[in-house]
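Asks: target01.cif is reproduced below (mmCIF, C-alpha atoms).
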data_query
loop_
_atom_site.label_atom_id
_atom_site.label_comp_id
_atom_site.auth_asym_id
_atom_site.auth_seq_id
_atom_site.Cartn_x
_atom_site.Cartn_y
_atom_site.Cartn_z
CA MET A 18 -45.34 60.76 47.24
CA ALA A 19 -45.45 58.54 44.14
CA GLU A 20 -44.63 54.87 44.55
CA ALA A 21 -40.92 54.06 44.13
CA LEU A 22 -39.75 52.65 40.80
CA ALA A 23 -39.36 48.88 41.02
CA PHE A 24 -37.62 46.12 39.06
CA GLU A 25 -40.74 45.74 36.86
CA ASP A 26 -40.50 49.38 35.71
CA PHE A 27 -37.39 48.63 33.62
CA PRO A 28 -38.42 46.11 30.95
CA PRO A 29 -35.70 44.57 28.76
CA GLY A 30 -35.12 46.46 25.52
CA GLU A 31 -36.60 49.72 26.78
CA LEU A 32 -34.93 52.90 25.50
CA ALA A 33 -35.16 56.10 27.55
CA GLU A 34 -33.76 59.55 26.74
CA TYR A 35 -33.38 62.35 29.27
CA GLY A 36 -31.03 64.95 30.66
CA GLY A 37 -29.72 68.15 29.20
CA ILE A 38 -26.85 69.53 31.27
CA GLU A 39 -24.54 72.28 30.04
CA VAL A 40 -20.92 72.14 31.18
CA THR A 41 -18.93 75.32 31.78
CA ALA A 42 -15.16 75.86 31.73
CA ALA A 43 -15.34 76.90 35.40
CA GLU A 44 -16.98 73.59 36.38
CA ILE A 45 -14.45 71.57 34.36
CA ILE A 46 -11.56 73.36 36.08
CA GLU A 47 -13.14 73.08 39.54
CA PHE A 48 -13.70 69.31 39.26
CA ALA A 49 -10.19 68.79 37.91
CA HIS A 50 -8.54 70.88 40.62
CA GLU A 51 -10.15 68.66 43.22
CA PHE A 52 -9.85 65.21 41.61
CA ASP A 53 -7.88 65.17 38.33
CA PRO A 54 -5.26 67.95 38.21
CA GLN A 55 -3.78 67.14 34.80
CA PRO A 56 -2.98 70.35 32.83
CA PHE A 57 -5.38 69.66 29.92
CA HIS A 58 -8.22 69.60 32.51
CA THR A 59 -7.15 72.65 34.56
CA ASP A 60 -5.38 75.13 32.27
CA GLU A 61 -6.83 76.45 28.99
CA GLU A 62 -3.42 77.57 27.72
CA ALA A 63 -1.61 74.31 28.49
CA ALA A 64 -4.52 72.39 26.97
CA GLN A 65 -4.25 74.20 23.61
CA GLY A 66 -1.12 72.34 22.57
CA VAL A 67 -2.18 68.93 23.89
CA THR A 68 -5.93 68.55 23.37
CA GLY A 69 -6.84 71.66 21.31
CA GLY A 70 -8.31 73.38 24.35
CA LEU A 71 -9.68 72.48 27.75
CA ILE A 72 -11.36 69.07 28.09
CA ALA A 73 -13.29 67.68 31.06
CA SER A 74 -11.95 64.79 33.12
CA GLY A 75 -13.61 61.59 31.92
CA TRP A 76 -14.66 61.12 35.54
CA HIS A 77 -16.41 64.50 35.44
CA THR A 78 -18.47 63.30 32.46
CA SER A 79 -19.22 60.11 34.44
CA ALA A 80 -20.35 62.21 37.41
CA LEU A 81 -22.65 64.24 35.12
CA LEU A 82 -24.19 60.98 33.83
CA LEU A 83 -24.80 60.02 37.47
CA ARG A 84 -26.48 63.38 38.12
CA MET A 85 -28.76 63.00 35.08
CA ASN A 86 -29.61 59.45 36.22
CA CYS A 87 -30.49 60.72 39.71
CA ASP A 88 -32.75 63.43 38.29
CA ALA A 89 -34.43 61.07 35.80
CA PHE A 90 -35.02 58.00 37.95
CA LEU A 91 -32.37 56.97 40.46
CA THR A 92 -33.55 59.00 43.47
CA ARG A 93 -37.09 57.60 42.92
CA ALA A 94 -36.01 53.97 42.48
CA ALA A 95 -36.16 51.25 45.15
CA VAL A 96 -32.42 50.52 44.93
CA ILE A 97 -31.16 47.58 46.99
CA ASP A 98 -27.59 47.57 45.69
CA ASP A 99 -25.43 49.43 43.20
CA PRO A 100 -22.55 46.95 43.08
CA GLY A 101 -20.34 48.43 40.41
CA ILE A 102 -19.56 49.11 36.79
CA GLU A 103 -18.95 46.56 34.04
CA GLU A 104 -17.36 48.94 31.52
CA ILE A 105 -16.80 52.62 30.79
CA ARG A 106 -15.52 53.99 27.47
CA TRP A 107 -14.62 57.64 27.11
CA GLU A 108 -14.99 58.01 23.38
CA ARG A 109 -14.70 61.78 22.88
CA PRO A 110 -13.80 64.66 25.17
CA THR A 111 -16.42 66.86 26.81
CA ARG A 112 -15.57 70.51 26.21
CA PRO A 113 -16.78 73.81 27.74
CA GLY A 114 -20.24 74.75 26.48
CA ASP A 115 -21.18 71.17 25.58
CA ARG A 116 -24.78 70.20 26.35
CA LEU A 117 -25.13 66.55 27.34
CA HIS A 118 -28.05 64.17 27.47
CA VAL A 119 -28.46 60.43 28.11
CA ARG A 120 -29.66 57.47 26.06
CA ARG A 121 -30.34 54.54 28.36
CA ARG A 122 -31.13 51.04 27.13
CA THR A 123 -32.16 48.15 29.39
CA LEU A 124 -29.99 45.28 28.15
CA ALA A 125 -31.26 42.50 30.41
CA THR A 126 -33.17 41.81 33.59
CA ARG A 127 -32.93 38.89 35.97
CA VAL A 128 -35.07 37.94 38.96
CA ARG A 129 -32.77 37.21 41.90
CA ASP A 130 -35.24 36.08 44.53
CA ALA A 131 -38.79 36.73 45.74
CA ARG A 132 -37.97 40.32 46.65
CA THR A 133 -35.24 41.56 44.32
CA GLY A 134 -34.19 41.68 40.68
CA GLU A 135 -31.13 42.83 38.75
CA VAL A 136 -31.21 45.20 35.78
CA GLU A 137 -28.32 45.65 33.34
CA PHE A 138 -28.27 49.11 31.77
CA HIS A 139 -26.26 50.52 28.88
CA TYR A 140 -25.90 54.29 28.97
CA GLU A 141 -24.65 56.65 26.29
CA VAL A 142 -23.87 60.29 27.03
CA VAL A 143 -24.55 62.26 23.86
CA ASN A 144 -23.51 65.86 23.14
CA GLN A 145 -25.34 68.65 21.26
CA ASP A 146 -23.94 67.38 17.94
CA GLY A 147 -25.42 63.92 18.50
CA LEU A 148 -21.98 62.40 19.17
CA VAL A 149 -21.46 59.82 21.91
CA VAL A 150 -18.87 61.12 24.40
CA MET A 151 -19.02 58.15 26.76
CA SER A 152 -20.76 54.82 27.27
CA GLN A 153 -21.23 52.78 30.42
CA ARG A 154 -22.59 49.35 31.22
CA SER A 155 -23.65 48.67 34.80
CA LEU A 156 -25.95 46.70 37.06
CA LEU A 157 -28.57 47.85 39.53
CA VAL A 158 -30.37 45.64 42.06
CA LEU A 159 -33.95 46.79 42.66
CA GLU A 160 -36.91 45.69 44.77
CA ARG A 161 -39.59 43.71 42.95
CA ARG A 162 -43.21 44.76 43.36
CA PRO A 163 -45.08 42.65 45.92
CA GLN A 164 -46.38 39.54 44.14
CA ARG A 165 -50.12 38.81 44.35
CA SER A 166 -50.73 35.61 46.23
CA GLY A 167 -53.25 33.06 45.01
CA ALA A 168 -55.17 33.64 41.76
CA MET B 14 11.89 68.70 35.61
CA ALA B 15 12.25 64.92 35.97
CA GLU B 16 11.70 62.78 32.88
CA ALA B 17 8.09 61.66 32.39
CA LEU B 18 7.15 58.14 33.48
CA ALA B 19 7.04 55.82 30.45
CA PHE B 20 5.57 52.41 29.63
CA GLU B 21 8.76 50.74 30.88
CA ASP B 22 8.29 52.24 34.35
CA PHE B 23 5.32 49.93 35.06
CA PRO B 24 6.64 46.35 34.94
CA PRO B 25 4.12 43.48 35.13
CA GLY B 26 3.52 42.23 38.66
CA GLU B 27 4.70 45.42 40.34
CA LEU B 28 2.84 46.38 43.52
CA ALA B 29 2.77 50.04 44.60
CA GLU B 30 1.15 51.59 47.68
CA TYR B 31 0.45 55.28 48.13
CA GLY B 32 -2.12 57.85 49.11
CA GLY B 33 -3.62 58.76 52.45
CA ILE B 34 -6.68 60.99 52.02
CA GLU B 35 -9.15 61.67 54.80
CA VAL B 36 -12.77 62.16 53.84
CA THR B 37 -15.02 64.54 55.77
CA ALA B 38 -18.82 64.58 56.08
CA ALA B 39 -18.85 68.04 54.46
CA GLU B 40 -16.99 66.73 51.39
CA ILE B 41 -19.29 63.70 51.10
CA ILE B 42 -22.36 65.95 51.22
CA GLU B 43 -20.89 68.51 48.78
CA PHE B 44 -20.03 65.88 46.16
CA ALA B 45 -23.45 64.24 46.52
CA HIS B 46 -25.34 67.53 46.26
CA GLU B 47 -23.65 68.16 42.94
CA PHE B 48 -23.63 64.67 41.40
CA ASP B 49 -25.48 62.02 43.45
CA PRO B 50 -28.30 63.56 45.52
CA GLN B 51 -29.60 60.35 47.10
CA PRO B 52 -30.57 60.89 50.78
CA PHE B 53 -28.03 58.42 52.25
CA HIS B 54 -25.28 60.55 50.61
CA THR B 55 -26.65 64.00 51.53
CA ASP B 56 -28.52 63.75 54.83
CA GLU B 57 -27.08 62.26 58.03
CA GLU B 58 -30.50 61.75 59.59
CA ALA B 59 -32.10 60.10 56.55
CA ALA B 60 -28.98 57.92 56.20
CA GLN B 61 -29.28 56.54 59.75
CA GLY B 62 -32.22 54.29 58.93
CA VAL B 63 -30.93 53.15 55.53
CA THR B 64 -27.16 52.79 55.72
CA GLY B 65 -26.43 53.32 59.43
CA GLY B 66 -25.20 56.87 58.80
CA LEU B 67 -23.87 58.96 55.95
CA ILE B 68 -21.96 57.10 53.21
CA ALA B 69 -20.04 58.58 50.29
CA SER B 70 -21.23 58.15 46.72
CA GLY B 71 -19.28 55.29 45.13
CA TRP B 72 -18.31 57.80 42.44
CA HIS B 73 -16.82 60.04 45.13
CA THR B 74 -14.59 57.17 46.25
CA SER B 75 -13.66 56.65 42.57
CA ALA B 76 -12.79 60.34 42.25
CA LEU B 77 -10.58 60.11 45.35
CA LEU B 78 -8.76 57.13 43.80
CA LEU B 79 -8.19 59.29 40.71
CA ARG B 80 -6.81 62.09 42.88
CA MET B 81 -4.40 59.73 44.66
CA ASN B 82 -3.32 58.34 41.26
CA CYS B 83 -2.66 61.86 39.96
CA ASP B 84 -0.57 62.74 43.01
CA ALA B 85 1.37 59.45 42.93
CA PHE B 86 2.13 59.11 39.21
CA LEU B 87 -0.53 60.14 36.71
CA THR B 88 0.37 63.81 36.30
CA ARG B 89 4.03 62.76 35.73
CA ALA B 90 3.25 59.99 33.24
CA ALA B 91 3.51 60.24 29.44
CA VAL B 92 -0.15 59.30 28.91
CA ILE B 93 -1.25 58.85 25.30
CA ASP B 94 -4.76 57.61 26.00
CA ASP B 95 -6.98 56.77 28.97
CA PRO B 96 -9.64 54.83 27.08
CA GLY B 97 -11.87 53.62 29.88
CA ILE B 98 -12.57 51.27 32.74
CA GLU B 99 -12.89 47.48 32.61
CA GLU B 100 -14.57 47.04 35.99
CA ILE B 101 -15.39 48.83 39.23
CA ARG B 102 -16.65 47.12 42.38
CA TRP B 103 -17.81 49.16 45.35
CA GLU B 104 -17.33 46.60 48.10
CA ARG B 105 -17.91 48.66 51.23
CA PRO B 106 -19.09 52.22 51.89
CA THR B 107 -16.70 55.08 52.57
CA ARG B 108 -17.81 56.96 55.70
CA PRO B 109 -16.92 60.36 57.21
CA GLY B 110 -13.50 60.27 58.86
CA ASP B 111 -12.25 57.34 56.78
CA ARG B 112 -8.63 57.55 55.68
CA LEU B 113 -8.02 55.94 52.28
CA HIS B 114 -4.93 54.71 50.50
CA VAL B 115 -4.25 52.77 47.28
CA ARG B 116 -2.78 49.38 46.44
CA ARG B 117 -1.95 49.26 42.74
CA ARG B 118 -0.87 46.12 40.92
CA THR B 119 0.30 46.02 37.30
CA LEU B 120 -1.59 43.04 35.88
CA ALA B 121 -0.20 43.04 32.34
CA THR B 122 1.65 45.15 29.79
CA ARG B 123 1.54 45.01 26.00
CA VAL B 124 3.63 46.82 23.41
CA ARG B 125 1.27 48.39 20.85
CA ASP B 126 3.74 49.83 18.34
CA ALA B 127 7.18 51.42 18.15
CA ARG B 128 6.07 54.38 20.25
CA THR B 129 3.34 53.21 22.63
CA GLY B 130 2.41 50.47 25.07
CA GLU B 131 -0.66 49.55 27.11
CA VAL B 132 -0.65 48.86 30.86
CA GLU B 133 -3.48 47.08 32.70
CA PHE B 134 -3.73 48.14 36.34
CA HIS B 135 -5.72 46.73 39.23
CA TYR B 136 -6.38 49.23 41.99
CA GLU B 137 -7.72 48.66 45.48
CA VAL B 138 -8.81 51.53 47.71
CA VAL B 139 -8.16 50.49 51.31
CA ASN B 140 -9.44 52.20 54.46
CA GLN B 141 -7.76 52.75 57.85
CA ASP B 142 -8.94 49.32 59.03
CA GLY B 143 -7.23 47.57 56.11
CA LEU B 144 -10.56 46.83 54.40
CA VAL B 145 -10.97 47.18 50.64
CA VAL B 146 -13.74 49.71 49.91
CA MET B 147 -13.45 49.55 46.12
CA SER B 148 -11.49 47.91 43.34
CA GLN B 149 -10.98 48.99 39.75
CA ARG B 150 -9.39 47.44 36.67
CA SER B 151 -8.41 49.79 33.86
CA LEU B 152 -6.04 50.39 30.98
CA LEU B 153 -3.60 53.20 30.30
CA VAL B 154 -1.73 53.81 27.05
CA LEU B 155 1.73 55.28 27.63
CA GLU B 156 4.68 56.39 25.53
CA ARG B 157 7.55 53.94 25.31
CA ARG B 158 11.07 55.18 25.96
CA PRO B 159 12.99 55.91 22.75
CA GLN B 160 14.58 52.64 21.58
CA ARG B 161 18.35 52.59 21.00
CA SER B 162 19.05 52.05 17.34
CA GLY B 163 21.73 49.58 16.17
CA ALA B 164 23.65 47.56 18.76
#
Represent the structure contained in this file as structure tokens.

Replies:
Amino acid sequence: MAEALAFEDFPPGELAEYGGIEVTAAEIIEFAHEFDPQPFHTDEEAAQGVTGGLIASGWHTSALLLRMNCDAFLTRAAVIDDPGIEEIRWERPTRPGDRLHVRRRTLATRVRDARTGEVEFHYEVVNQDGLVVMSQRSLLVLERRPQRSGA
Amino acid sequence: MAEALAFEDFPPGELAEYGGIEVTAAEIIEFAHEFDPQPFHTDEEAAQGVTGGLIASGWHTSALLLRMNCDAFLTRAAVIDDPGIEEIRWERPTRPGDRLHVRRRTLATRVRDARTGEVEFHYEVVNQDGLVVMSQRSLLVLERRPQRSGA
């Protein structure tokens, strides 16, 4: 198995692009039935008058960002803590048939102690028309690579 | 049908408590398989060594907060916009068998224009032992009640 991704693998200023997930009406409705049963997320007809057709729960788009992060790096990273989210903005709705990818920028990094460091990421979820549907700023605490002793 | 909940129905300082959702291991694993396939969310055995047993994805706990909000007030509220999240903190893991409820405080309200107002909520998700597992601060834009004209 490849070595886990460490704090040093996310240099400040780095831009990464990945993902490519298509969202279906059935998935939008299924997520909403379980977690966000507002009519414009669960019922195409009711949504017509309110939002011009079915739109995904913002939290569904957030969950899809999480999935793309897992596939791209998160399951291979030496995560110590995932303490929370600094900001989410849902800028445009996700609609059935949309194809989403991620633009991730490393805003800042900070050594915490001999073993761990903190990385601040800014994510944008972008649809097939190049429009940002959501952005998120959040922190991740990762293991540092073992430091060489001596010189 | 009862009148929709308006801006005026969420006075500053108000505290509301509601919810009561039990989380099963099967639900934790199902959510994680779809959105957050890290081993401590999907595999009881792998989780033993890392997190002392299976824990829910933080985003699963967030989705359960959303569901409790929908059931308590959100699907009955005259929501104009749900622009995003100011902060999430995952303070403790949610584990199989946990029973969660919500403590919601209205931090501040602000009239935007003749028709709409903004409400800032602080939510805590609390488990059966009275411990806060997550907190969230977010804004909601709601319709104001029609103002009486004249005097």

Asks: For a quick test of understanding: name the residues of chain A lying within 8 Å of chain B when counting all atoms listed in the file, and present them as a PyMOL selection string.

Replies: chain A and resi 51-55+76+80-81+83-84+87+91-92+99-108

Asks: The selected residues should be written to file as a CSV table (one decimal), in the frame of the given file (atoms: C-alpha atoms).

Replies:
chain,number,residue,atom,x,y,z
A,51,GLU,CA,-10.2,68.7,43.2
A,52,PHE,CA,-9.8,65.2,41.6
A,53,ASP,CA,-7.9,65.2,38.3
A,54,PRO,CA,-5.3,68.0,38.2
A,55,GLN,CA,-3.8,67.1,34.8
A,76,TRP,CA,-14.7,61.1,35.5
A,80,ALA,CA,-20.4,62.2,37.4
A,81,LEU,CA,-22.6,64.2,35.1
A,83,LEU,CA,-24.8,60.0,37.5
A,84,ARG,CA,-26.5,63.4,38.1
A,87,CYS,CA,-30.5,60.7,39.7
A,91,LEU,CA,-32.4,57.0,40.5
A,92,THR,CA,-33.6,59.0,43.5
A,99,ASP,CA,-25.4,49.4,43.2
A,100,PRO,CA,-22.6,47.0,43.1
A,101,GLY,CA,-20.3,48.4,40.4
A,102,ILE,CA,-19.6,49.1,36.8
A,103,GLU,CA,-19.0,46.6,34.0
A,104,GLU,CA,-17.4,48.9,31.5
A,105,ILE,CA,-16.8,52.6,30.8
A,106,ARG,CA,-15.5,54.0,27.5
A,107,TRP,CA,-14.6,57.6,27.1
A,108,GLU,CA,-15.0,58.0,23.4

Asks: Given the file shown, enumerate the residues that the PyMOL selection byres ((chain B and resi 20-25) around 10) captures and present them as a PyMOL selection string.

Replies: chain B and resi 17-19+26-29+90-92+118-124+128-134+153-158

Asks: Please, could you write that set of residues out with C-alpha atoms as a PDB file, in the coordinates of the input?

Replies:
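The resulting file, selection_35.pdb, is shown below:
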ATOM      1  CA  ALA B  17       8.090  61.660  32.390  1.00  0.00           C
ATOM      2  CA  LEU B  18       7.150  58.140  33.480  1.00  0.00           C
ATOM      3  CA  ALA B  19       7.040  55.820  30.450  1.00  0.00           C
ATOM      4  CA  GLY B  26       3.520  42.230  38.660  1.00  0.00           C
ATOM      5  CA  GLU B  27       4.700  45.420  40.340  1.00  0.00           C
ATOM      6  CA  LEU B  28       2.840  46.380  43.520  1.00  0.00           C
ATOM      7  CA  ALA B  29       2.770  50.040  44.600  1.00  0.00           C
ATOM      8  CA  ALA B  90       3.250  59.990  33.240  1.00  0.00           C
ATOM      9  CA  ALA B  91       3.510  60.240  29.440  1.00  0.00           C
ATOM     10  CA  VAL B  92      -0.150  59.300  28.910  1.00  0.00           C
ATOM     11  CA  ARG B 118      -0.870  46.120  40.920  1.00  0.00           C
ATOM     12  CA  THR B 119       0.300  46.020  37.300  1.00  0.00           C
ATOM     13  CA  LEU B 120      -1.590  43.040  35.880  1.00  0.00           C
ATOM     14  CA  ALA B 121      -0.200  43.040  32.340  1.00  0.00           C
ATOM     15  CA  THR B 122       1.650  45.150  29.790  1.00  0.00           C
ATOM     16  CA  ARG B 123       1.540  45.010  26.000  1.00  0.00           C
ATOM     17  CA  VAL B 124       3.630  46.820  23.410  1.00  0.00           C
ATOM     18  CA  ARG B 128       6.070  54.380  20.250  1.00  0.00           C
ATOM     19  CA  THR B 129       3.340  53.210  22.630  1.00  0.00           C
ATOM     20  CA  GLY B 130       2.410  50.470  25.070  1.00  0.00           C
ATOM     21  CA  GLU B 131      -0.660  49.550  27.110  1.00  0.00           C
ATOM     22  CA  VAL B 132      -0.650  48.860  30.860  1.00  0.00           C
ATOM     23  CA  GLU B 133      -3.480  47.080  32.700  1.00  0.00           C
ATOM     24  CA  PHE B 134      -3.730  48.140  36.340  1.00  0.00           C
ATOM     25  CA  LEU B 153      -3.600  53.200  30.300  1.00  0.00           C
ATOM     26  CA  VAL B 154      -1.730  53.810  27.050  1.00  0.00           C
ATOM     27  CA  LEU B 155       1.730  55.280  27.630  1.00  0.00           C
ATOM     28  CA  GLU B 156       4.680  56.390  25.530  1.00  0.00           C
ATOM     29  CA  ARG B 157       7.550  53.940  25.310  1.00  0.00           C
ATOM     30  CA  ARG B 158      11.070  55.180  25.960  1.00  0.00           C
TER      31      ARG B 158
END

Asks: Using every C-alpha atom paired in order, could you least-squares fit chain B onto chain A and give me the moved chain as a CSV table (one decimal) with C-alpha atoms, in the coordinates of the input?

Replies:
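Saved as result.csv:
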chain,number,residue,atom,x,y,z
B,14,MET,CA,-45.4,60.8,47.2
B,15,ALA,CA,-45.5,58.6,44.1
B,16,GLU,CA,-44.6,54.9,44.5
B,17,ALA,CA,-40.9,54.1,44.1
B,18,LEU,CA,-39.8,52.7,40.8
B,19,ALA,CA,-39.4,48.9,41.0
B,20,PHE,CA,-37.6,46.1,39.0
B,21,GLU,CA,-40.7,45.8,36.8
B,22,ASP,CA,-40.5,49.4,35.7
B,23,PHE,CA,-37.4,48.6,33.6
B,24,PRO,CA,-38.4,46.1,30.9
B,25,PRO,CA,-35.7,44.6,28.7
B,26,GLY,CA,-35.1,46.5,25.5
B,27,GLU,CA,-36.6,49.7,26.8
B,28,LEU,CA,-34.9,52.9,25.5
B,29,ALA,CA,-35.2,56.1,27.5
B,30,GLU,CA,-33.8,59.6,26.7
B,31,TYR,CA,-33.4,62.4,29.3
B,32,GLY,CA,-31.0,65.0,30.6
B,33,GLY,CA,-29.7,68.2,29.2
B,34,ILE,CA,-26.8,69.5,31.3
B,35,GLU,CA,-24.5,72.3,30.0
B,36,VAL,CA,-20.9,72.1,31.2
B,37,THR,CA,-18.9,75.3,31.8
B,38,ALA,CA,-15.1,75.9,31.7
B,39,ALA,CA,-15.3,76.9,35.4
B,40,GLU,CA,-17.0,73.6,36.4
B,41,ILE,CA,-14.4,71.6,34.4
B,42,ILE,CA,-11.6,73.4,36.1
B,43,GLU,CA,-13.1,73.1,39.6
B,44,PHE,CA,-13.7,69.3,39.3
B,45,ALA,CA,-10.2,68.8,37.9
B,46,HIS,CA,-8.5,70.9,40.6
B,47,GLU,CA,-10.2,68.6,43.2
B,48,PHE,CA,-9.9,65.2,41.6
B,49,ASP,CA,-7.9,65.2,38.3
B,50,PRO,CA,-5.3,67.9,38.2
B,51,GLN,CA,-3.8,67.1,34.8
B,52,PRO,CA,-3.0,70.3,32.8
B,53,PHE,CA,-5.4,69.6,29.9
B,54,HIS,CA,-8.2,69.6,32.5
B,55,THR,CA,-7.1,72.6,34.6
B,56,ASP,CA,-5.4,75.1,32.3
B,57,GLU,CA,-6.8,76.4,29.0
B,58,GLU,CA,-3.4,77.5,27.7
B,59,ALA,CA,-1.6,74.3,28.5
B,60,ALA,CA,-4.5,72.4,27.0
B,61,GLN,CA,-4.2,74.2,23.6
B,62,GLY,CA,-1.1,72.3,22.6
B,63,VAL,CA,-2.2,68.9,23.9
B,64,THR,CA,-5.9,68.5,23.4
B,65,GLY,CA,-6.8,71.6,21.3
B,66,GLY,CA,-8.3,73.4,24.4
B,67,LEU,CA,-9.7,72.5,27.8
B,68,ILE,CA,-11.4,69.1,28.1
B,69,ALA,CA,-13.3,67.7,31.1
B,70,SER,CA,-11.9,64.8,33.1
B,71,GLY,CA,-13.6,61.6,31.9
B,72,TRP,CA,-14.7,61.1,35.6
B,73,HIS,CA,-16.4,64.5,35.4
B,74,THR,CA,-18.5,63.3,32.4
B,75,SER,CA,-19.2,60.1,34.4
B,76,ALA,CA,-20.4,62.2,37.4
B,77,LEU,CA,-22.7,64.2,35.1
B,78,LEU,CA,-24.2,61.0,33.8
B,79,LEU,CA,-24.8,60.0,37.5
B,80,ARG,CA,-26.5,63.4,38.1
B,81,MET,CA,-28.8,63.0,35.1
B,82,ASN,CA,-29.6,59.5,36.2
B,83,CYS,CA,-30.5,60.7,39.7
B,84,ASP,CA,-32.8,63.4,38.3
B,85,ALA,CA,-34.4,61.1,35.8
B,86,PHE,CA,-35.0,58.0,37.9
B,87,LEU,CA,-32.4,57.0,40.4
B,88,THR,CA,-33.5,59.0,43.5
B,89,ARG,CA,-37.1,57.6,42.9
B,90,ALA,CA,-36.0,54.0,42.5
B,91,ALA,CA,-36.2,51.3,45.1
B,92,VAL,CA,-32.4,50.5,44.9
B,93,ILE,CA,-31.2,47.6,47.0
B,94,ASP,CA,-27.6,47.6,45.7
B,95,ASP,CA,-25.4,49.4,43.2
B,96,PRO,CA,-22.6,46.9,43.1
B,97,GLY,CA,-20.4,48.4,40.4
B,98,ILE,CA,-19.6,49.1,36.8
B,99,GLU,CA,-19.0,46.6,34.0
B,100,GLU,CA,-17.4,49.0,31.5
B,101,ILE,CA,-16.8,52.6,30.8
B,102,ARG,CA,-15.5,54.0,27.5
B,103,TRP,CA,-14.6,57.6,27.1
B,104,GLU,CA,-15.0,58.0,23.4
B,105,ARG,CA,-14.7,61.8,22.9
B,106,PRO,CA,-13.8,64.7,25.2
B,107,THR,CA,-16.4,66.9,26.8
B,108,ARG,CA,-15.6,70.5,26.2
B,109,PRO,CA,-16.8,73.8,27.8
B,110,GLY,CA,-20.2,74.8,26.5
B,111,ASP,CA,-21.2,71.2,25.6
B,112,ARG,CA,-24.8,70.2,26.3
B,113,LEU,CA,-25.1,66.6,27.3
B,114,HIS,CA,-28.1,64.2,27.5
B,115,VAL,CA,-28.5,60.4,28.1
B,116,ARG,CA,-29.7,57.5,26.0
B,117,ARG,CA,-30.4,54.5,28.3
B,118,ARG,CA,-31.1,51.0,27.1
B,119,THR,CA,-32.2,48.2,29.4
B,120,LEU,CA,-30.0,45.3,28.1
B,121,ALA,CA,-31.3,42.5,30.4
B,122,THR,CA,-33.2,41.8,33.6
B,123,ARG,CA,-32.9,38.9,36.0
B,124,VAL,CA,-35.1,38.0,39.0
B,125,ARG,CA,-32.8,37.2,41.9
B,126,ASP,CA,-35.2,36.1,44.6
B,127,ALA,CA,-38.8,36.7,45.8
B,128,ARG,CA,-38.0,40.3,46.7
B,129,THR,CA,-35.2,41.5,44.3
B,130,GLY,CA,-34.2,41.7,40.7
B,131,GLU,CA,-31.1,42.8,38.8
B,132,VAL,CA,-31.2,45.2,35.8
B,133,GLU,CA,-28.3,45.7,33.3
B,134,PHE,CA,-28.3,49.1,31.7
B,135,HIS,CA,-26.3,50.5,28.9
B,136,TYR,CA,-25.9,54.3,29.0
B,137,GLU,CA,-24.6,56.7,26.3
B,138,VAL,CA,-23.9,60.3,27.0
B,139,VAL,CA,-24.5,62.3,23.9
B,140,ASN,CA,-23.5,65.9,23.1
B,141,GLN,CA,-25.3,68.7,21.3
B,142,ASP,CA,-23.9,67.4,18.0
B,143,GLY,CA,-25.4,63.9,18.5
B,144,LEU,CA,-22.0,62.4,19.2
B,145,VAL,CA,-21.5,59.8,21.9
B,146,VAL,CA,-18.9,61.1,24.4
B,147,MET,CA,-19.0,58.1,26.7
B,148,SER,CA,-20.8,54.8,27.3
B,149,GLN,CA,-21.2,52.8,30.4
B,150,ARG,CA,-22.6,49.3,31.2
B,151,SER,CA,-23.7,48.7,34.8
B,152,LEU,CA,-26.0,46.7,37.0
B,153,LEU,CA,-28.6,47.9,39.5
B,154,VAL,CA,-30.4,45.7,42.0
B,155,LEU,CA,-34.0,46.8,42.7
B,156,GLU,CA,-36.9,45.7,44.8
B,157,ARG,CA,-39.6,43.7,43.0
B,158,ARG,CA,-43.2,44.8,43.3
B,159,PRO,CA,-45.1,42.7,45.9
B,160,GLN,CA,-46.4,39.5,44.2
B,161,ARG,CA,-50.1,38.8,44.4
B,162,SER,CA,-50.6,35.6,46.3
B,163,GLY,CA,-53.1,32.9,45.2
B,164,ALA,CA,-54.9,33.4,41.9

Asks: By how many Å are atom CA of Val138 of chain B and atom CA of His114 of chain B apart?

Replies: 5.7 Å

Asks: Once the PyMOL selection byres ((chain A and resi 112) around 7) is applied to the coordinates I shared, what remains selected? I want it as a PyMOL selection string.

Replies: chain A and resi 71-73+110-111+113-115

Asks: Ranking A:Thr59, A:Thr68, A:Ser74, A:Asn144 by minimum distance to Arg116 of chain A and counting all atoms listed in the file, which one comes first?

Replies: A:Asn144
